[in-house]
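Enquirer: Can you read through this structure? Questions will come right after.
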Amino acid sequence: MIRDLDLVVFGATGFTGGLTAEHLARHAPAGLRWALAGRNAEKLAAVRDRLAAIRPDLGDLELLHADVTDPGSLADVAGRAKVVVTTVGPYLTHGEPLVAACAEAGTDYVDLTGEPEFIDRMYLAHHATAVRTGARIVHACGFDSVPHDLGVLFAVQQLQADGPLRVRGVVRASATFSGGTFHSAVTAASRARQMKEAAAERRRVEPRPQGRSSRAVAGRPHRDPLLGMWLLPLPTVDPLVVARSGAALAAYGPDFRYSHYAGTRTLRYAVGGAAGVGALAAAAQVPPLRRQLLQRVQQGEGPDEQRRARSWFTVDVVAETGPGGDGDGRALHARVSGGDPGYDETARMLGESALCLLLDDNPPTAGSVTTAQAMGENLTARLRSGGMRFEVVG
């Protein structure tokens with residue numbers, strides 16, 4: 001198909017979507033043919049005015065009508081663009097119509113979802129179509145799960161193991177996360193049964209690598225002597241994404257296991273964090289409490305630039321070789337770090353993921369793929385050039 005647009009940002013009137021559009025205004029190459037899409041023409045025009053203050057030539061940026069309740073409008077957007085970026089969530093509620101349109105049109109798609117059930121259901125419903133049309137459907141292109149997925153890929157490449165590999169990822173952050181992220185987390189916590197059903201159905205139909213094994217493994221709370229931190233198992237989408245990269249890429253070896261944690265320096269914070277996560281998950285099961293939680297945190301809002309400038313994150317990745325990953329072989333400690341994870345870095349990761357799919361010489365892939373599988377070293381290089389650090393610590 002002949003496309004008259006390279007890239008479309010759907011959801012630019014939201015807080016993170018606006019930051020993503022601003023990132024593209026500052027970093028997209030001259031001559032990029034792109035547009036903003038959404039329901040409200042007046043709000044889209046206001047975003048375009050902000051972009052024009054960054055780059056005057058964007059004053060004529062095209063504005064497209066698109067609504068998740070209007071499949072025809074999404075088909076029009078997908079049919080015109082090579083890549084569509086969406087920040088419109090929660091994705092379980094709003095996401096599928098655009099995935100369907102992109103898969104059918106052979107259009108590359110990127111989002112920043114952290115919702116495992118959504119990712120699994122999109123695989124079940126649209127992976128085969130995307131493989132047929134050549135569309136690359138790349139979920140979790142924000143803080144979920146780029147630093148973890150690419151951080152593990154970086155560590156694996158540095159270690160160059162040819163046997164069993166055990167990896168743990170440990171995330172720490174000082175930041176405020178978006179209302180959209182909170183709404184997605186509460187929605188996911190309220191659907192534990194449906195999430196398990198979708199995951200089981202995907203496991204039944206998804207092909208497994210021949211002669212190799214890759215799995216996410218639930219860890220246990222403990223103190224890590226190498227990192228000097230208390231580790232709390234973190235039930236996010238990140239270990240699922242990393243395990244899928246491990247299944248897709250032979251560099252992860254014949255027997256790959258990944259465990260995912262939040263890290264704290266003191267036991268008190270570890271216990272408090274566990275209690276907080278448990279309380280949130282319990283409240284999400286009760287409809288009145290869930291509604292109250294969602295009403296207290298508004299979507300589309302975020303902290304100011306000064307607060308974001310003080311925020312940071314680190315993801316420590318420890319990879320060990322040897323039977324059982326018990327440390328009797330070689331070990332490598334890598335780290336990914338950067339600034340504000342919930343907004344500024346997420347906008348960078350999402351925008352650069354779209355540009356990477358559009359412009360870089362990536363491995364040939366199609367269907368539902370991870371960032372490591374679809375873009376790997378190219379996306380890592382883009383993020384490093386923008387200031388995110390990938391380094392070997394020890």
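Letters for chains follow the order of the structure tokens (A, B, ...), residue numbers begin at 1 for each chain, and ligand numbers begin at 1 in the order shown.
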Which residues are close to stretch 234-244 of chain A, i.e. within 7 Å by only C-alpha atoms, leaving aside same-chain residues fewer than 5 positions away? Reply as a PyMOL selection string.
Expert: chain A and resi 114-116+144-145+148-149+214-216+258-262+370
Enquirer: Can you spit out the residues from that selection as a JSON list (two decimals), in the first residue's frame, using C-alpha atoms?
Expert:
[["chain", "number", "residue", "atom", "x", "y", "z"],
["A", 114, "GLY", "CA", 1.72, -2.69, 30.95],
["A", 115, "GLU", "CA", -1.42, -4.87, 30.90],
["A", 116, "PRO", "CA", -0.57, -8.58, 30.48],
["A", 144, "ASP", "CA", 7.09, -1.14, 30.84],
["A", 145, "SER", "CA", 9.14, -2.84, 29.47],
["A", 148, "HIS", "CA", 14.10, -4.41, 31.41],
["A", 149, "ASP", "CA", 13.81, -6.04, 27.98],
["A", 214, "SER", "CA", 12.74, -19.61, 28.26],
["A", 215, "ARG", "CA", 10.57, -18.83, 31.28],
["A", 216, "ALA", "CA", 9.79, -16.13, 33.81],
["A", 258, "TYR", "CA", 14.32, -14.56, 34.46],
["A", 259, "SER", "CA", 13.12, -13.23, 37.83],
["A", 260, "HIS", "CA", 11.93, -9.68, 38.40],
["A", 261, "TYR", "CA", 12.11, -7.58, 41.57],
["A", 262, "ALA", "CA", 11.77, -4.17, 43.11],
["A", 370, "THR", "CA", 8.95, -7.60, 21.77]]
Enquirer: Could you produce a table of the residues of stretch 319-384 of chain A lying within 12 Å of stretch 29-47 of chain A, with the nearest pair of atoms per residue and their separation in Å rounded to one decimal, using only C-alpha atoms, ordered by chain and increasing residue number, as a tab-separated table?
Expert:
residue	atom	partner	partner_atom	distance
A:Glu352	CA	A:Pro29	CA	11.5
A:Ala354	CA	A:Trp34	CA	11.4
A:Leu355	CA	A:Pro29	CA	9.2
A:Cys356	CA	A:Pro29	CA	11.8
A:Leu358	CA	A:Leu32	CA	10.1
A:Leu359	CA	A:Pro29	CA	9.8
Enquirer: If we count only C-alpha atoms and set the cut-off at 9 Å, which residues sit around A:Arg132, ignoring sequence neighbours fewer than 2 positions away in its own chain? Please answer as an MDAnalysis selection string.
Expert: chainID A and resid 103:104 106 127:130 134:135 366:367
Enquirer: Skipping near chain neighbours, those fewer than 4 positions away, what residues fall within 9 Å of A:Asp76 using only C-alpha atoms, listed as a ChimeraX atom specification?
Expert: /A:66,71-72,80-81,101
Enquirer: Go ahead and write the residues just picked, all heavy atoms, as a compact mmCIF listing (two decimals), in the first residue's frame.
Expert:
# COMPACT_ATOMS: atom_id res chain seq x y z
N ALA A 66 -9.92 10.47 14.87
CA ALA A 66 -9.86 9.04 15.17
C ALA A 66 -10.52 8.81 16.52
O ALA A 66 -10.26 9.52 17.48
CB ALA A 66 -8.41 8.55 15.20
N PRO A 71 -14.63 2.33 14.15
CA PRO A 71 -13.62 1.52 13.46
C PRO A 71 -13.21 2.10 12.11
O PRO A 71 -12.05 1.95 11.70
CB PRO A 71 -14.30 0.16 13.30
CG PRO A 71 -15.33 0.11 14.40
CD PRO A 71 -15.81 1.53 14.53
N GLY A 72 -14.13 2.75 11.42
CA GLY A 72 -13.79 3.33 10.13
C GLY A 72 -12.73 4.40 10.24
O GLY A 72 -11.82 4.48 9.39
N ARG A 80 -3.28 4.98 6.15
CA ARG A 80 -2.43 6.09 5.64
C ARG A 80 -1.03 6.07 6.20
O ARG A 80 -0.13 6.67 5.62
CB ARG A 80 -3.09 7.43 5.98
CG ARG A 80 -4.39 7.70 5.25
CD ARG A 80 -4.91 9.09 5.59
NE ARG A 80 -3.95 10.12 5.20
CZ ARG A 80 -4.10 11.41 5.51
NH1 ARG A 80 -5.13 11.81 6.23
NH2 ARG A 80 -3.20 12.30 5.11
N ALA A 81 -0.82 5.42 7.37
CA ALA A 81 0.44 5.54 8.10
C ALA A 81 1.28 4.27 7.97
O ALA A 81 0.76 3.17 7.80
CB ALA A 81 0.17 5.83 9.57
N ALA A 101 -7.06 -2.65 13.49
CA ALA A 101 -6.92 -1.86 12.26
C ALA A 101 -5.50 -1.92 11.72
O ALA A 101 -5.29 -2.06 10.51
CB ALA A 101 -7.33 -0.41 12.54
Enquirer: Got a sec to tell me which of stretch 59-124 of chain A DSSP assigns to strand (DSSP E or B), as a list in words?
Expert: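 So, restricting stretch 59-124 of chain A to strand (DSSP E or B), we get Glu62, Leu63, Leu64, His65, Ala81, Lys82, Val83, Val84, Val85, Thr86, Asp108, Tyr109, Val110 and Asp111 of chain A.
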Enquirer: I'd like the contact shell of A:Pro221 - 9 Å cut-off, only C-alpha atoms, skipping same-chain residues fewer than 6 positions apart - returned as a VMD selection string.
Expert: chain A and resid 230 to 233 261 270
